[in-house]
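*Asks:* Take a look at protein-v8.csv, CSV, C-alpha atoms:
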```csv
chain,number,residue,atom,x,y,z
A,1,MET,CA,18.8,13.9,5.0
A,2,LYS,CA,16.0,15.9,3.4
A,3,ILE,CA,13.1,13.7,2.4
A,4,SER,CA,9.9,14.7,0.7
A,5,VAL,CA,6.9,12.5,1.5
A,6,LEU,CA,4.1,12.7,-1.1
A,7,GLY,CA,0.9,11.6,0.6
A,8,THR,CA,0.1,12.2,4.3
A,9,GLY,CA,-2.4,9.5,5.0
A,10,LEU,CA,-2.1,6.3,7.0
A,11,ILE,CA,1.4,5.4,5.8
A,12,GLY,CA,2.8,8.9,4.9
A,13,SER,CA,2.1,10.4,8.3
A,14,GLN,CA,3.9,7.5,10.0
A,15,VAL,CA,6.8,7.7,7.7
A,16,ILE,CA,7.2,11.5,8.4
A,17,HIS,CA,7.1,10.8,12.2
A,18,LEU,CA,9.7,8.0,12.0
A,19,LEU,CA,12.1,10.0,9.8
A,20,THR,CA,11.7,13.2,11.9
A,21,ALA,CA,12.3,11.2,15.1
A,22,ALA,CA,15.5,9.8,13.5
A,23,GLY,CA,16.8,13.3,12.9
A,24,HIS,CA,15.9,13.7,9.2
A,25,GLU,CA,14.1,16.7,7.7
A,26,ALA,CA,10.9,15.0,6.5
A,27,THR,CA,8.2,17.1,4.9
A,28,GLY,CA,4.7,16.0,3.9
A,29,HIS,CA,3.1,17.1,0.7
A,30,SER,CA,-0.6,16.7,-0.3
A,31,ARG,CA,-3.4,18.7,-1.9
A,32,SER,CA,-3.6,20.8,1.3
A,33,THR,CA,0.0,22.0,0.8
A,34,GLY,CA,-0.5,22.8,-2.9
A,35,LEU,CA,0.6,19.5,-4.4
A,36,ASP,CA,-1.4,18.2,-7.4
A,37,LEU,CA,0.1,15.2,-9.1
A,38,ILE,CA,-2.7,15.2,-11.7
A,39,THR,CA,-2.0,18.7,-13.0
A,40,GLY,CA,1.6,18.8,-12.0
A,41,GLU,CA,1.1,21.9,-9.8
A,42,GLY,CA,3.6,22.1,-7.0
A,43,ILE,CA,5.6,19.0,-7.7
A,44,GLU,CA,8.9,20.6,-8.5
A,45,ASP,CA,8.6,22.7,-5.3
A,46,ALA,CA,7.8,19.6,-3.3
A,47,VAL,CA,10.8,17.6,-4.5
A,48,ARG,CA,13.4,20.3,-5.0
A,49,ASP,CA,16.6,19.7,-3.0
A,50,ALA,CA,15.3,16.4,-1.6
A,51,ASP,CA,17.7,13.6,-1.0
A,52,ALA,CA,14.8,11.2,-1.5
A,53,VAL,CA,11.2,11.4,-2.5
A,54,VAL,CA,8.7,8.9,-1.0
A,55,ASN,CA,5.5,8.4,-3.0
A,56,VAL,CA,2.7,6.9,-1.0
A,57,THR,CA,-0.2,8.6,-2.8
A,58,ASN,CA,-3.0,6.5,-4.0
A,59,SER,CA,-5.8,6.5,-6.5
A,60,PRO,CA,-9.1,7.6,-5.1
A,61,THR,CA,-10.9,4.7,-6.8
A,62,PHE,CA,-10.2,1.1,-7.6
A,63,ASP,CA,-11.9,1.1,-11.0
A,64,ASP,CA,-10.7,1.9,-14.5
A,65,ALA,CA,-9.9,5.5,-13.5
A,66,SER,CA,-7.1,4.2,-11.4
A,67,VAL,CA,-5.1,3.4,-14.5
A,68,ASP,CA,-5.2,7.0,-15.7
A,69,PHE,CA,-4.4,8.2,-12.2
A,70,PHE,CA,-1.2,6.3,-11.9
A,71,ARG,CA,-0.1,6.9,-15.5
A,72,THR,CA,-0.6,10.7,-15.1
A,73,THR,CA,0.8,11.1,-11.6
A,74,VAL,CA,3.9,9.0,-12.1
A,75,THR,CA,4.7,10.6,-15.4
A,76,ASN,CA,4.4,14.1,-13.8
A,77,LEU,CA,6.4,13.1,-10.8
A,78,LEU,CA,9.3,11.6,-12.8
A,79,ALA,CA,9.4,14.6,-15.0
A,80,ALA,CA,9.6,17.0,-12.0
A,81,MET,CA,12.2,14.9,-10.3
A,82,GLU,CA,14.4,14.8,-13.4
A,83,ALA,CA,14.0,18.6,-13.9
A,84,VAL,CA,15.3,19.4,-10.4
A,85,GLY,CA,17.7,16.5,-10.1
A,86,ALA,CA,16.0,14.7,-7.2
A,87,PRO,CA,18.2,11.5,-6.9
A,88,HIS,CA,15.9,8.8,-5.4
A,89,LEU,CA,12.3,7.8,-5.6
A,90,VAL,CA,10.7,5.3,-3.2
A,91,THR,CA,7.4,3.9,-4.2
A,92,LEU,CA,5.0,1.9,-2.1
A,93,SER,CA,3.3,-1.0,-4.0
A,94,ILE,CA,1.7,-4.4,-3.3
A,95,VAL,CA,3.1,-7.9,-3.1
A,96,GLY,CA,1.9,-10.0,-6.1
A,97,VAL,CA,0.4,-7.0,-7.8
A,98,ASP,CA,1.4,-8.2,-11.2
A,99,GLN,CA,-0.1,-11.7,-10.6
A,100,VAL,CA,-3.8,-10.7,-10.4
A,101,PRO,CA,-4.6,-9.3,-13.9
A,102,ASP,CA,-8.3,-9.6,-13.3
A,103,LEU,CA,-8.2,-6.7,-10.8
A,104,VAL,CA,-8.1,-3.4,-12.7
A,105,TYR,CA,-6.6,-1.6,-9.7
A,106,TYR,CA,-3.7,-4.1,-9.5
A,107,ARG,CA,-3.1,-3.6,-13.2
A,108,ALA,CA,-3.0,0.1,-12.5
A,109,LYS,CA,-0.4,-0.4,-9.7
A,110,THR,CA,1.6,-2.7,-12.0
A,111,LEU,CA,1.7,0.2,-14.5
A,112,GLN,CA,2.9,2.5,-11.8
A,113,GLU,CA,5.8,0.1,-11.1
A,114,GLU,CA,6.6,-0.2,-14.8
A,115,LEU,CA,6.7,3.5,-15.3
A,116,VAL,CA,9.0,4.0,-12.3
A,117,LYS,CA,11.4,1.2,-13.5
A,118,ALA,CA,11.5,2.7,-17.0
A,119,GLY,CA,11.9,6.3,-15.8
A,120,PRO,CA,15.0,8.4,-15.5
A,121,VAL,CA,15.2,8.5,-11.7
A,122,PRO,CA,17.0,5.9,-9.4
A,123,TYR,CA,14.3,4.1,-7.6
A,124,SER,CA,13.3,1.7,-4.8
A,125,ILE,CA,10.0,-0.1,-4.8
A,126,VAL,CA,8.6,-1.5,-1.5
A,127,ARG,CA,5.9,-4.1,-2.0
A,128,ALA,CA,3.7,-4.8,1.0
A,129,THR,CA,1.1,-7.4,1.7
A,130,GLN,CA,-2.4,-6.3,2.7
A,131,PHE,CA,-2.5,-3.9,5.7
A,132,MET,CA,-4.1,-5.2,8.9
A,133,GLU,CA,-6.0,-1.9,9.1
A,134,PHE,CA,-7.8,-2.8,5.8
A,135,VAL,CA,-9.6,-5.9,7.1
A,136,GLY,CA,-12.4,-3.7,8.5
A,137,PRO,CA,-13.0,-1.7,5.4
A,138,THR,CA,-12.8,-4.8,3.3
A,139,MET,CA,-15.7,-6.3,5.4
A,140,ASP,CA,-17.7,-3.1,5.1
A,141,TRP,CA,-17.5,-3.3,1.3
A,142,THR,CA,-19.2,-6.7,1.3
A,143,THR,CA,-21.7,-6.3,4.2
A,144,ASP,CA,-25.4,-6.7,3.7
A,145,GLY,CA,-27.3,-6.3,6.9
A,146,ASP,CA,-25.6,-8.5,9.5
A,147,VAL,CA,-23.9,-10.7,6.9
A,148,VAL,CA,-20.3,-10.1,5.6
A,149,ARG,CA,-19.4,-12.1,2.5
A,150,LEU,CA,-15.7,-12.8,2.1
A,151,PRO,CA,-13.7,-15.1,-0.1
A,152,SER,CA,-11.3,-17.6,1.3
A,153,ALA,CA,-8.4,-16.0,-0.5
A,154,PRO,CA,-5.1,-16.4,1.4
A,155,ILE,CA,-3.8,-13.2,2.9
A,156,GLN,CA,-0.6,-12.4,4.9
A,157,PRO,CA,-1.5,-9.2,6.7
A,158,ILE,CA,1.1,-6.7,7.9
A,159,SER,CA,0.6,-3.7,10.2
A,160,SER,CA,0.8,-0.2,8.7
A,161,ALA,CA,3.4,0.6,11.3
A,162,ASP,CA,5.7,-2.1,9.9
A,163,VAL,CA,5.1,-0.9,6.4
A,164,ALA,CA,6.0,2.7,7.3
A,165,ALA,CA,9.2,1.6,9.0
A,166,GLN,CA,10.3,-0.3,5.9
A,167,VAL,CA,9.4,2.7,3.6
A,168,ALA,CA,11.3,5.0,5.9
A,169,ASP,CA,14.3,2.7,5.9
A,170,ALA,CA,14.3,2.6,2.1
A,171,ALA,CA,14.2,6.4,1.9
A,172,VAL,CA,17.4,6.8,3.9
A,173,GLY,CA,19.2,4.1,2.1
A,174,ALA,CA,20.8,3.8,-1.3
A,175,SER,CA,18.5,3.2,-4.3
A,176,LEU,CA,17.7,-0.5,-4.7
A,177,GLY,CA,17.2,-0.3,-8.4
A,178,GLY,CA,14.7,-3.0,-7.6
A,179,THR,CA,12.0,-4.3,-5.2
A,180,ARG,CA,11.8,-5.1,-1.5
A,181,ASN,CA,9.0,-7.4,-0.5
A,182,ILE,CA,7.5,-7.2,3.1
A,183,ALA,CA,4.8,-9.1,4.8
A,184,GLY,CA,3.3,-10.1,8.1
A,185,PRO,CA,4.4,-13.4,9.8
A,186,ASP,CA,1.1,-15.3,9.4
A,187,VAL,CA,-1.1,-16.5,6.6
A,188,PHE,CA,-4.9,-16.5,6.9
A,189,ALA,CA,-7.9,-17.1,4.7
A,190,LEU,CA,-9.6,-13.7,4.3
A,191,ASP,CA,-12.9,-15.1,5.7
A,192,GLU,CA,-11.0,-16.3,8.8
A,193,LEU,CA,-9.5,-12.8,9.2
A,194,GLY,CA,-13.0,-11.4,9.1
A,195,ARG,CA,-14.2,-13.7,11.8
A,196,LEU,CA,-11.3,-12.9,14.1
A,197,ALA,CA,-11.9,-9.2,13.6
A,198,LEU,CA,-15.6,-9.4,14.4
A,199,GLU,CA,-15.0,-11.5,17.5
A,200,ALA,CA,-12.3,-9.2,18.8
A,201,THR,CA,-14.5,-6.1,18.4
A,202,GLY,CA,-17.7,-7.6,19.6
A,203,ASP,CA,-19.3,-6.9,16.2
A,204,ARG,CA,-22.5,-8.9,15.8
A,205,ARG,CA,-22.2,-9.4,12.0
A,206,HIS,CA,-21.2,-12.8,10.9
A,207,VAL,CA,-19.0,-14.0,8.0
A,208,VAL,CA,-20.3,-16.1,5.1
A,209,THR,CA,-17.6,-17.6,2.9
A,210,ASP,CA,-18.3,-16.5,-0.7
A,211,ASP,CA,-15.5,-16.9,-3.2
A,212,THR,CA,-17.3,-14.5,-5.6
A,213,ALA,CA,-17.5,-11.6,-3.1
A,214,GLY,CA,-15.6,-8.4,-3.2
A,215,LEU,CA,-12.2,-7.2,-4.5
A,216,PHE,CA,-10.3,-10.3,-3.5
A,217,ALA,CA,-12.6,-12.7,-5.3
A,218,ALA,CA,-10.1,-12.4,-8.2
A,219,VAL,CA,-7.4,-14.0,-6.1
A,220,LYS,CA,-7.3,-17.7,-6.9
A,221,GLY,CA,-4.1,-18.9,-5.3
A,222,ASP,CA,-1.1,-17.6,-3.3
A,223,GLU,CA,-0.4,-14.6,-5.5
A,224,LEU,CA,-0.6,-12.2,-2.5
A,225,LEU,CA,1.6,-14.1,-0.2
A,226,ALA,CA,5.2,-13.2,0.6
A,227,PRO,CA,7.6,-14.5,-2.1
A,228,LYS,CA,10.9,-16.2,-1.1
A,229,GLY,CA,13.3,-13.7,0.5
A,230,ALA,CA,10.7,-11.3,1.7
A,231,HIS,CA,11.2,-9.4,5.0
A,232,LEU,CA,8.7,-10.7,7.5
A,233,SER,CA,7.6,-8.5,10.3
A,234,SER,CA,7.1,-9.7,13.9
A,235,VAL,CA,3.6,-8.3,14.6
A,236,HIS,CA,1.0,-11.1,14.6
A,237,TYR,CA,-2.6,-10.2,13.6
A,238,ARG,CA,-4.1,-11.5,16.8
A,239,ASP,CA,-1.7,-9.4,18.9
A,240,TRP,CA,-2.5,-6.4,16.7
A,241,LEU,CA,-6.2,-6.9,17.2
A,242,ARG,CA,-5.7,-6.9,21.0
A,243,SER,CA,-3.7,-3.7,20.9
A,244,HIS,CA,-6.2,-1.9,18.7
```
Let me see the file written as structure tokens.

*Replies:*
Amino acid sequence: MKISVLGTGLIGSQVIHLLTAAGHEATGHSRSTGLDLITGEGIEDAVRDADAVVNVTNSPTFDDASVDFFRTTVTNLLAAMEAVGAPHLVTLSIVGVDQVPDLVYYRAKTLQEELVKAGPVPYSIVRATQFMEFVGPTMDWTTDGDVVRLPSAPIQPISSADVAAQVADAAVGASLGGTRNIAGPDVFALDELGRLALEATGDRRHVVTDDTAGLFAAVKGDELLAPKGAHLSSVHYRDWLRSH
């Protein structure tokens, strides 16, 4: 199969590697290759003749600008795919994204899903829980000196490798016309995840539980946990920490 992967970062690069190793023709597209989803430049060339298009691009910010980013990029992408007859769009999203309306970025991602669902192109949406790789950056956002403030929001982390594998699998399969939910096997409070990460890396910062701190302060319940029927990966966070 010929598959176009839009976005060559953490997930996109792994998706390309997996698809290529499986014998598919997977090509990555980003600004460096002439793709601009905001202006529309290069989209038709990127998706022409593709059996599937994987969109793992992301907004550069988590603020109000993210809404315009997803509205513009998805609209341009769908128009280009319809124009060249690309038959299948795979979009990476977030478990529970429509359940946390106080987060503007989550509202933006929900808009992305809604546009894809209402669009003219057969689609598959892969919703993942929070990446294990993002625990570190999440702590950095709420660090003041040697104190890391984190809420006790429940999180079910999944490795980016497992996310990439599921996205690649969706790309070579038939359009779902719906959503596949994926998650890690274990549930943690976010502050507990932070403590585990600091201990594993010998980081001398310490975590203070603060349910008003950071992006995930808006999470009040189990909105970001795997729903019934989700695919659970086998990689546990403690094992992932030891291997990284």

*Asks:* A:Asp102, A:Asp222, A:Glu133, A:Asp140: which is nearest Val207 (chain A), counting only C-alpha atoms?

*Replies:* A:Asp140

*Asks:* When you look at region 48-52 of chain A with a cut-off of 10 Å (counting only C-alpha atoms), what residues show up, excluding the ones that are within fewer than 5 positions of it in the same chain? I need them as a PyMOL selection string.

*Replies:* chain A and resi 1-5+25-27+43+80-81+83-90+122-123+170-175

*Asks:* With all atoms listed in the file as the atoms that count, which of A:Thr142, A:Thr75, A:Asn181, A:Ser233 lies nearest to Asp211 (chain A)?

*Replies:*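 Of A:Thr142, A:Thr75, A:Asn181, A:Ser233, the one nearest Asp211 (chain A), counting all atoms listed in the file, is A:Thr142.
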
*Asks:* Just how far from CA of Gly214 (chain A) is CA of Trp141 (chain A), in Å to one decimal?

*Replies:*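 Spanning CA of Trp141 (chain A) to CA of Gly214 (chain A) is a straight-line distance of 7.1 Å.
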
*Asks:* Just checking: using all atoms listed in the file, which residue out of A:Val219, A:Val47, A:Gly194, A:Gln14 ends up closest to Asp162 (chain A)?

*Replies:*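 Under the stated criterion, the closest residue is A:Gln14.
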
*Asks:* Using all atoms listed in the file and a cutoff of 12 Å, can you tell me which residues are near (4.2, -7.5, 15.5) in the file's coordinates, and write them out as a list in words?

*Replies:*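 Counting all atoms listed in the file, I find these residues within 12 Å of (4.2, -7.5, 15.5): Met132, Pro157, Ile158, Ser159, Ser160, Ala161, Asp162, Val163, Ala183, Gly184, Pro185, Asp186, Leu232, Ser233, Ser234, Val235, His236, Tyr237, Arg238, Asp239, Trp240, Leu241, Arg242 and Ser243 of chain A.
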
*Asks:* Excluding same-chain residues fewer than 3 positions from Ala168 (chain A), what lies within 8 Å of it counting all atoms listed in the file, as a PDB file with C-alpha atoms, in the coordinates of the input?

*Replies:*
```
ATOM      1  CA  VAL A  15       6.800   7.700   7.700  1.00  0.00           C
ATOM      2  CA  LEU A  18       9.700   8.000  12.000  1.00  0.00           C
ATOM      3  CA  LEU A  19      12.100  10.000   9.800  1.00  0.00           C
ATOM      4  CA  ALA A 164       6.000   2.700   7.300  1.00  0.00           C
ATOM      5  CA  ALA A 165       9.200   1.600   9.000  1.00  0.00           C
ATOM      6  CA  ALA A 171      14.200   6.400   1.900  1.00  0.00           C
ATOM      7  CA  VAL A 172      17.400   6.800   3.900  1.00  0.00           C
TER       8      VAL A 172
END
```

*Asks:* At what distance in Å, to one decimal, does CA of Phe188 (chain A) lie from CA of Val104 (chain A)?

*Replies:*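 A separation of 23.8 Å between them.
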
*Asks:* Would you compute the distance between CA of Phe69 (chain A) and CA of Ile38 (chain A)? Give it in Å to one decimal.

*Replies:*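 Computed distance, CA of Phe69 (chain A) to CA of Ile38 (chain A), equals 7.2 Å.
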
*Asks:* Please, which residues are within 10 Å of (2.3, -3.2, -11.1) by the file's coordinates, counting all atoms listed in the file, and could they come as a list in words?

*Replies:* Ser93, Ile94, Val95, Gly96, Val97, Asp98, Gln99, Val100, Pro101, Tyr105, Tyr106, Arg107, Ala108, Lys109, Thr110, Leu111, Gln112, Glu113, Glu114, Leu115, Val116 and Arg127 of chain A

*Asks:* Using only C-alpha atoms, find the one residue out of A:Thr91, A:Thr72, A:Ser30, A:Ser152 that sits nearest to Gly178 (chain A).

*Replies:*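 Counting only C-alpha atoms, the residue closest to Gly178 (chain A) is A:Thr91.
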
*Asks:* Between A:Leu78, A:Leu225, A:Leu198, A:Leu92, single out the one closest to Val135 (chain A), counting only C-alpha atoms.

*Replies:*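 Under the stated criterion, the closest residue is A:Leu198.
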
*Asks:* Of the candidates A:His206, A:Ala153, A:Ala189, A:Ala200, which shows the shortest atom-to-atom distance to Met139 (chain A), using all atoms listed in the file?

*Replies:*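 Using all atoms listed in the file, Met139 (chain A) sits closest to A:His206.
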